[in-house]
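Have a look at the structure below before the remarks.
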Amino acid sequence: MFLKLGLAKPNTLIASVHPADKLSLQSFQSLGVETVIKNAPVVQQSDVVFVSVKPQVVPSVLSEIQPLSSGKLFLSVAMGITLSTIESSLSPQARVIRVMPNLPAVVCSGCSVFVRGSKATDADADITQKLLQSVGTCEPVDESQLDVVTALSGSGPAYVFVMIEALADGAVHMGMPRDLAYRLASQTVLGAGHMVRDSGMHPGQLKDGVTSPAGSTAAALRQLELSGFRAAVSGAVEQATLRCRQISGKTK
Ligand SMILES: NC(=O)C1=CN([C@@H]2O[C@H](COP(=O)(O)OP(=O)(O)OC[C@H]3O[C@@H](n4cnc5c(N)ncnc54)[C@H](OP(=O)(O)O)[C@@H]3O)[C@@H](O)[C@H]2O)C=CC1
Ligand SMILES: O=C(O)[C@@H]1CCC=N1
């Protein structure tokens, strides 16, 4: 996406990719980006390094690149891995920023936050914000919020995809063709999100505006309440937050 938007040129990027990961290899190569099978050349040749391996793999990757990390900016997207863990695993001269992006960045509708590490400069924060704002929104937060952010906006697209699938399943059950059901369900979620973001109105007030007395929406909402919909969704955010905290504790 950064290439498409002209924020970087292919010959300024380099990625470490496992040879077995044919899909990633092909997509980088089709963009003209050099790929290597080791992490060291990526760090050696870069000013800004994205750390985007699974949290459980982060400690071994950081210890591998530690000797090469002085003077570089590291942007870690790994859930649950704290700034203090990352900073203490790299050179004291490494600069670190934690980022929590989300999947819709691939269609320029992402939602990211970032937290500056102790050595990160204003220029580092600017470049992080510029990169992430090119693919959606990006705002600074306190690190104490990052696990909940991960649970809300990091994982959130998955909950919404399930919601869209369930909406469409309901409509198909009632006789609607599936392709029409997905079009209507996805546009409904987009439109509702747009209204909450831009109207300044409380979501409950917007919900009331859709709900005619003795109408179909009231019947549907009653079913959602009986099924524990609110508790299920807010419980999902709670469980995801707890999982981040668990990972965070294990990798300190
Ligand atoms: N998916 C999402 O929507 C989001 C993910 N994140 C974070 O992004 C990170 C990656 O997540 P995700 O992309 O879903 O996970 P994936 O497992 O899909 O990607 C991780 C990649 O790292 C590779 N890898 C494994 N070990 C090493 C190593 N030692 N050196 C270099 N590369 C290695 C893996 O290769 P192989 O498969 O061959 O092992 C794989 O290609 C996680 O930390 C996650 O918390 C953050 C926000 C959103
Ligand atoms: O599931 C995960 O661990 C990552 C973190 C945010 C989205 N996906």
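Chain lettering (A, B, ...) mirrors the order of the structure tokens, residue numbering begins at 1 for each chain separately, and ligand numbering begins at 1 in order of display.
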Fewer than 5 positions away in the same chain doesn't count, so skip those; otherwise give me all residues within 7 Å of A:Ala78, counting only C-alpha atoms, as a short mmCIF file (atom, residue, chain, number, x, y, z; two decimals) with C-alpha atoms, in the first residue's frame.
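Below is the file selection.cif, written as the result:
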```cif
data_model
loop_
_atom_site.label_atom_id
_atom_site.label_comp_id
_atom_site.auth_asym_id
_atom_site.auth_seq_id
_atom_site.Cartn_x
_atom_site.Cartn_y
_atom_site.Cartn_z
CA SER A 52 5.59 -7.95 12.36
CA VAL A 53 6.15 -11.50 13.54
CA LYS A 54 3.90 -13.27 16.05
CA PRO A 55 4.38 -12.09 19.65
#
```
Could you write out, as a list in words, all the residues of stretch 62-130 of chain A that DSSP marks as strand (DSSP E)?
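In stretch 62-130 of chain A, DSSP puts these residues in strand (DSSP E): Leu73, Phe74, Leu75, Ser76, Arg95, Val96, Ile97, Arg98, Val99, Met100, Gly110, Cys111, Ser112, Val113, Phe114, Val115 and Arg116 of chain A.
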Which polymer residues have any atom within 9 Å of an atom of A:Gln133, counting only C-alpha atoms, with same-chain residues fewer than 6 positions away left out, as a VMD selection string?
chain A and resid 108 110 to 112 139
Kindly export the residues of the current selection with N, CA and C atoms, as a PDB file, in the first residue's frame.
```
ATOM      1  N   CYS A 108      -7.122   1.059   2.689  1.00  0.00           N
ATOM      2  CA  CYS A 108      -7.005   2.468   3.109  1.00  0.00           C
ATOM      3  C   CYS A 108      -8.120   2.904   4.048  1.00  0.00           C
ATOM      4  N   GLY A 110      -7.969   1.804   7.423  1.00  0.00           N
ATOM      5  CA  GLY A 110      -7.435   1.275   8.680  1.00  0.00           C
ATOM      6  C   GLY A 110      -7.670   2.214   9.844  1.00  0.00           C
ATOM      7  N   CYS A 111      -7.338   1.708  11.012  1.00  0.00           N
ATOM      8  CA  CYS A 111      -7.528   2.446  12.252  1.00  0.00           C
ATOM      9  C   CYS A 111      -6.336   2.057  13.124  1.00  0.00           C
ATOM     10  N   SER A 112      -5.381   2.969  13.266  1.00  0.00           N
ATOM     11  CA  SER A 112      -4.144   2.639  13.984  1.00  0.00           C
ATOM     12  C   SER A 112      -3.912   3.591  15.136  1.00  0.00           C
ATOM     13  N   GLU A 139      -3.664   7.689  15.631  1.00  0.00           N
ATOM     14  CA  GLU A 139      -3.550   8.645  16.734  1.00  0.00           C
ATOM     15  C   GLU A 139      -2.637   8.102  17.829  1.00  0.00           C
TER      16      GLU A 139
END
```
Excluding same-chain residues fewer than 3 positions from stretch 158-166 of chain A, what lies within 7 Å of it counting only C-alpha atoms, as a PyMOL selection string?
chain A and resi 155+169-170+185-186
Do you have the atom CA of A:Gly32-atom CA of A:Asn11 distance handy?
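If I compute the distance from atom CA of A:Gly32 to atom CA of A:Asn11, I get 7.3 Å.
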Give the residues close to ligand 1, within 7 Å, counting only C-alpha atoms and all ligand atoms; write them as a list in words.
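So the residues close to ligand 1 are Ser16, Val17, His18, Ala20, Asp21, Lys38, Asn39, Ser52, Val53, Lys54, Pro55, Val57, Ser60, Val61, Val77, Ala78, Met79, Met100, Pro101, Asn102, Leu103, Gly154 and Ser155 of chain A.
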Please produce an output containing N, CA and C atoms for each residue in the selection, written as a JSON list (two decimals), in the first residue's frame.
```json
[["chain", "number", "residue", "atom", "x", "y", "z"],
["A", 16, "SER", "N", 12.09, -9.65, 4.98],
["A", 16, "SER", "CA", 12.53, -11.00, 5.33],
["A", 16, "SER", "C", 11.32, -11.91, 5.27],
["A", 17, "VAL", "N", 11.40, -12.92, 4.41],
["A", 17, "VAL", "CA", 10.25, -13.82, 4.20],
["A", 17, "VAL", "C", 10.75, -15.26, 4.19],
["A", 18, "HIS", "N", 10.03, -16.13, 4.91],
["A", 18, "HIS", "CA", 10.38, -17.56, 4.87],
["A", 18, "HIS", "C", 10.17, -18.09, 3.46],
["A", 20, "ALA", "N", 9.17, -20.84, 2.47],
["A", 20, "ALA", "CA", 7.94, -21.63, 2.32],
["A", 20, "ALA", "C", 6.71, -20.74, 2.14],
["A", 21, "ASP", "N", 6.83, -19.47, 2.49],
["A", 21, "ASP", "CA", 5.68, -18.56, 2.40],
["A", 21, "ASP", "C", 5.59, -18.00, 0.98],
["A", 38, "LYS", "N", 16.81, -14.01, 5.66],
["A", 38, "LYS", "CA", 17.32, -13.74, 7.01],
["A", 38, "LYS", "C", 16.89, -12.35, 7.44],
["A", 39, "ASN", "N", 16.83, -12.11, 8.75],
["A", 39, "ASN", "CA", 16.43, -10.79, 9.25],
["A", 39, "ASN", "C", 17.59, -9.80, 9.24],
["A", 52, "SER", "N", 6.98, -7.48, 12.54],
["A", 52, "SER", "CA", 5.59, -7.95, 12.36],
["A", 52, "SER", "C", 5.53, -9.47, 12.37],
["A", 53, "VAL", "N", 6.27, -10.06, 13.31],
["A", 53, "VAL", "CA", 6.15, -11.50, 13.54],
["A", 53, "VAL", "C", 5.20, -11.72, 14.72],
["A", 54, "LYS", "N", 4.79, -12.96, 14.92],
["A", 54, "LYS", "CA", 3.90, -13.27, 16.05],
["A", 54, "LYS", "C", 4.57, -12.90, 17.37],
["A", 55, "PRO", "N", 3.79, -12.50, 18.37],
["A", 55, "PRO", "CA", 4.38, -12.09, 19.65],
["A", 55, "PRO", "C", 5.33, -13.14, 20.23],
["A", 57, "VAL", "N", 7.26, -15.02, 18.75],
["A", 57, "VAL", "CA", 8.52, -15.10, 18.00],
["A", 57, "VAL", "C", 9.36, -13.83, 18.22],
["A", 60, "SER", "N", 12.92, -13.97, 20.13],
["A", 60, "SER", "CA", 14.06, -14.56, 19.43],
["A", 60, "SER", "C", 14.51, -13.67, 18.26],
["A", 61, "VAL", "N", 13.56, -13.01, 17.60],
["A", 61, "VAL", "CA", 13.94, -12.11, 16.49],
["A", 61, "VAL", "C", 14.72, -10.91, 17.04],
["A", 77, "VAL", "N", 4.43, -4.06, 15.57],
["A", 77, "VAL", "CA", 2.97, -4.21, 15.56],
["A", 77, "VAL", "C", 2.53, -5.40, 16.41],
["A", 78, "ALA", "N", 3.47, -6.04, 17.09],
["A", 78, "ALA", "CA", 3.14, -7.27, 17.82],
["A", 78, "ALA", "C", 2.25, -6.98, 19.02],
["A", 79, "MET", "N", 1.15, -7.72, 19.11],
["A", 79, "MET", "CA", 0.24, -7.50, 20.24],
["A", 79, "MET", "C", 0.89, -7.95, 21.55],
["A", 100, "MET", "N", -0.44, -0.26, 16.78],
["A", 100, "MET", "CA", -1.48, -1.28, 16.61],
["A", 100, "MET", "C", -2.35, -0.86, 15.43],
["A", 101, "PRO", "N", -2.09, -1.48, 14.28],
["A", 101, "PRO", "CA", -2.90, -1.17, 13.09],
["A", 101, "PRO", "C", -4.09, -2.13, 13.02],
["A", 102, "ASN", "N", -4.88, -2.06, 11.96],
["A", 102, "ASN", "CA", -5.84, -3.14, 11.74],
["A", 102, "ASN", "C", -5.99, -3.45, 10.25],
["A", 103, "LEU", "N", -6.61, -4.59, 9.98],
["A", 103, "LEU", "CA", -6.61, -5.16, 8.62],
["A", 103, "LEU", "C", -7.15, -4.22, 7.53],
["A", 154, "GLY", "N", -7.85, -3.64, 16.79],
["A", 154, "GLY", "CA", -6.94, -4.60, 16.17],
["A", 154, "GLY", "C", -7.67, -5.87, 15.75],
["A", 155, "SER", "N", -8.40, -6.45, 16.70],
["A", 155, "SER", "CA", -9.14, -7.69, 16.42],
["A", 155, "SER", "C", -10.53, -7.40, 15.88]]
```
Shell around A:Ala15 at 7 Å using only C-alpha atoms, local window under 6 positions removed, as a ChimeraX atom specification:
/A:34-36,42
Just asking: which residues within stretch 73-139 of chain A are alpha helix (DSSP H) according to DSSP, as a list in words?
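Here is the list: Leu83, Ser84, Thr85, Ile86, Glu87, Ser88, Ser89, Asp122, Ala123, Asp124, Ala125, Asp126, Ile127, Thr128, Gln129, Lys130, Leu131, Leu132 and Gln133 of chain A.
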Pick the closest to A:Cys244 from A:Gln145, A:Ser88, A:Ser212, A:Ser30: which is it, counting only C-alpha atoms?
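Using only C-alpha atoms, the shortest distance to A:Cys244 belongs to A:Gln145.
Straight-line separation from atom CA of A:Ile65 to atom CA of A:Val43: 7.1 Å.
Every protein or nucleic acid residue with an atom no more than 12 Å from A:Val233, counting only C-alpha atoms and leaving out same-chain residues fewer than 2 positions away, appears here: Ala151, Leu152, Ser155, Gly156, Ala158, Tyr159, Val160, Val162, Met163, Leu224, Glu225, Ser227, Gly228, Phe229, Arg230, Ala231, Gly235, Ala236, Val237, Glu238, Gln239 and Ala240 of chain A.
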Could you save those same residues with N, CA and C atoms as a PDB file, in the first residue's frame?
```
ATOM      1  N   ALA A 151      -7.710  -5.272  21.412  1.00  0.00           N
ATOM      2  CA  ALA A 151      -8.954  -6.044  21.527  1.00  0.00           C
ATOM      3  C   ALA A 151     -10.116  -5.386  20.792  1.00  0.00           C
ATOM      4  N   LEU A 152     -10.094  -4.046  20.707  1.00  0.00           N
ATOM      5  CA  LEU A 152     -11.201  -3.340  20.046  1.00  0.00           C
ATOM      6  C   LEU A 152     -10.953  -3.197  18.537  1.00  0.00           C
ATOM      7  N   SER A 155      -8.399  -6.447  16.696  1.00  0.00           N
ATOM      8  CA  SER A 155      -9.143  -7.685  16.417  1.00  0.00           C
ATOM      9  C   SER A 155     -10.535  -7.402  15.883  1.00  0.00           C
ATOM     10  N   GLY A 156     -11.026  -6.190  16.102  1.00  0.00           N
ATOM     11  CA  GLY A 156     -12.422  -5.841  15.800  1.00  0.00           C
ATOM     12  C   GLY A 156     -12.911  -6.209  14.408  1.00  0.00           C
ATOM     13  N   ALA A 158     -12.450  -8.748  12.772  1.00  0.00           N
ATOM     14  CA  ALA A 158     -12.918 -10.156  12.778  1.00  0.00           C
ATOM     15  C   ALA A 158     -14.327 -10.250  13.346  1.00  0.00           C
ATOM     16  N   TYR A 159     -14.608  -9.479  14.414  1.00  0.00           N
ATOM     17  CA  TYR A 159     -15.960  -9.549  15.000  1.00  0.00           C
ATOM     18  C   TYR A 159     -16.991  -9.031  13.984  1.00  0.00           C
ATOM     19  N   VAL A 160     -16.592  -7.962  13.271  1.00  0.00           N
ATOM     20  CA  VAL A 160     -17.529  -7.362  12.311  1.00  0.00           C
ATOM     21  C   VAL A 160     -17.736  -8.304  11.115  1.00  0.00           C
ATOM     22  N   VAL A 162     -17.725 -11.510  11.267  1.00  0.00           N
ATOM     23  CA  VAL A 162     -18.672 -12.526  11.747  1.00  0.00           C
ATOM     24  C   VAL A 162     -20.092 -11.959  11.745  1.00  0.00           C
ATOM     25  N   MET A 163     -20.214 -10.700  12.167  1.00  0.00           N
ATOM     26  CA  MET A 163     -21.531 -10.032  12.195  1.00  0.00           C
ATOM     27  C   MET A 163     -22.105  -9.950  10.774  1.00  0.00           C
ATOM     28  N   LEU A 224     -32.104  -9.857  19.910  1.00  0.00           N
ATOM     29  CA  LEU A 224     -30.669  -9.689  20.204  1.00  0.00           C
ATOM     30  C   LEU A 224     -30.433  -9.616  21.711  1.00  0.00           C
ATOM     31  N   GLU A 225     -31.290  -8.862  22.408  1.00  0.00           N
ATOM     32  CA  GLU A 225     -31.128  -8.740  23.870  1.00  0.00           C
ATOM     33  C   GLU A 225     -31.337 -10.103  24.535  1.00  0.00           C
ATOM     34  N   SER A 227     -30.758 -12.910  23.326  1.00  0.00           N
ATOM     35  CA  SER A 227     -29.628 -13.794  22.993  1.00  0.00           C
ATOM     36  C   SER A 227     -28.315 -13.331  23.619  1.00  0.00           C
ATOM     37  N   GLY A 228     -28.359 -12.243  24.370  1.00  0.00           N
ATOM     38  CA  GLY A 228     -27.132 -11.787  25.037  1.00  0.00           C
ATOM     39  C   GLY A 228     -26.123 -11.144  24.105  1.00  0.00           C
ATOM     40  N   PHE A 229     -26.620 -10.465  23.057  1.00  0.00           N
ATOM     41  CA  PHE A 229     -25.729  -9.895  22.040  1.00  0.00           C
ATOM     42  C   PHE A 229     -24.729  -8.901  22.627  1.00  0.00           C
ATOM     43  N   ARG A 230     -25.209  -7.953  23.429  1.00  0.00           N
ATOM     44  CA  ARG A 230     -24.298  -6.930  23.998  1.00  0.00           C
ATOM     45  C   ARG A 230     -23.222  -7.582  24.858  1.00  0.00           C
ATOM     46  N   ALA A 231     -23.653  -8.521  25.699  1.00  0.00           N
ATOM     47  CA  ALA A 231     -22.689  -9.176  26.598  1.00  0.00           C
ATOM     48  C   ALA A 231     -21.690  -9.992  25.782  1.00  0.00           C
ATOM     49  N   GLY A 235     -17.976  -8.959  25.952  1.00  0.00           N
ATOM     50  CA  GLY A 235     -17.165 -10.046  26.513  1.00  0.00           C
ATOM     51  C   GLY A 235     -16.037 -10.444  25.579  1.00  0.00           C
ATOM     52  N   ALA A 236     -16.264 -10.330  24.274  1.00  0.00           N
ATOM     53  CA  ALA A 236     -15.201 -10.640  23.304  1.00  0.00           C
ATOM     54  C   ALA A 236     -14.044  -9.659  23.470  1.00  0.00           C
ATOM     55  N   VAL A 237     -14.379  -8.391  23.661  1.00  0.00           N
ATOM     56  CA  VAL A 237     -13.326  -7.376  23.841  1.00  0.00           C
ATOM     57  C   VAL A 237     -12.572  -7.652  25.144  1.00  0.00           C
ATOM     58  N   GLU A 238     -13.312  -8.051  26.176  1.00  0.00           N
ATOM     59  CA  GLU A 238     -12.660  -8.370  27.455  1.00  0.00           C
ATOM     60  C   GLU A 238     -11.704  -9.556  27.289  1.00  0.00           C
ATOM     61  N   GLN A 239     -12.168 -10.623  26.631  1.00  0.00           N
ATOM     62  CA  GLN A 239     -11.329 -11.821  26.471  1.00  0.00           C
ATOM     63  C   GLN A 239     -10.079 -11.519  25.643  1.00  0.00           C
ATOM     64  N   ALA A 240     -10.230 -10.724  24.583  1.00  0.00           N
ATOM     65  CA  ALA A 240      -9.071 -10.379  23.745  1.00  0.00           C
ATOM     66  C   ALA A 240      -8.065  -9.556  24.552  1.00  0.00           C
TER      67      ALA A 240
END
```
Identify, on the basis of only C-alpha atoms, every residue whose closest approach to A:Gln45 does not exceed 9 Å; exclude the query and any residue fewer than 5 positions from it along the same chain; express the result as a PyMOL selection string.
chain A and resi 13-14+40
Restricted to N, CA and C atoms, what would the selected residues look like written as a PDB file, in the first residue's frame?
```pdb
ATOM      1  N   LEU A  13      12.838  -0.672  -0.230  1.00  0.00           N
ATOM      2  CA  LEU A  13      12.239  -1.625   0.722  1.00  0.00           C
ATOM      3  C   LEU A  13      12.923  -2.985   0.631  1.00  0.00           C
ATOM      4  N   ILE A  14      12.959  -3.683   1.751  1.00  0.00           N
ATOM      5  CA  ILE A  14      13.504  -5.042   1.781  1.00  0.00           C
ATOM      6  C   ILE A  14      12.730  -5.819   2.853  1.00  0.00           C
ATOM      7  N   ALA A  40      18.818 -10.298   9.386  1.00  0.00           N
ATOM      8  CA  ALA A  40      19.962  -9.386   9.519  1.00  0.00           C
ATOM      9  C   ALA A  40      20.086  -8.392   8.358  1.00  0.00           C
TER      10      ALA A  40
END
```
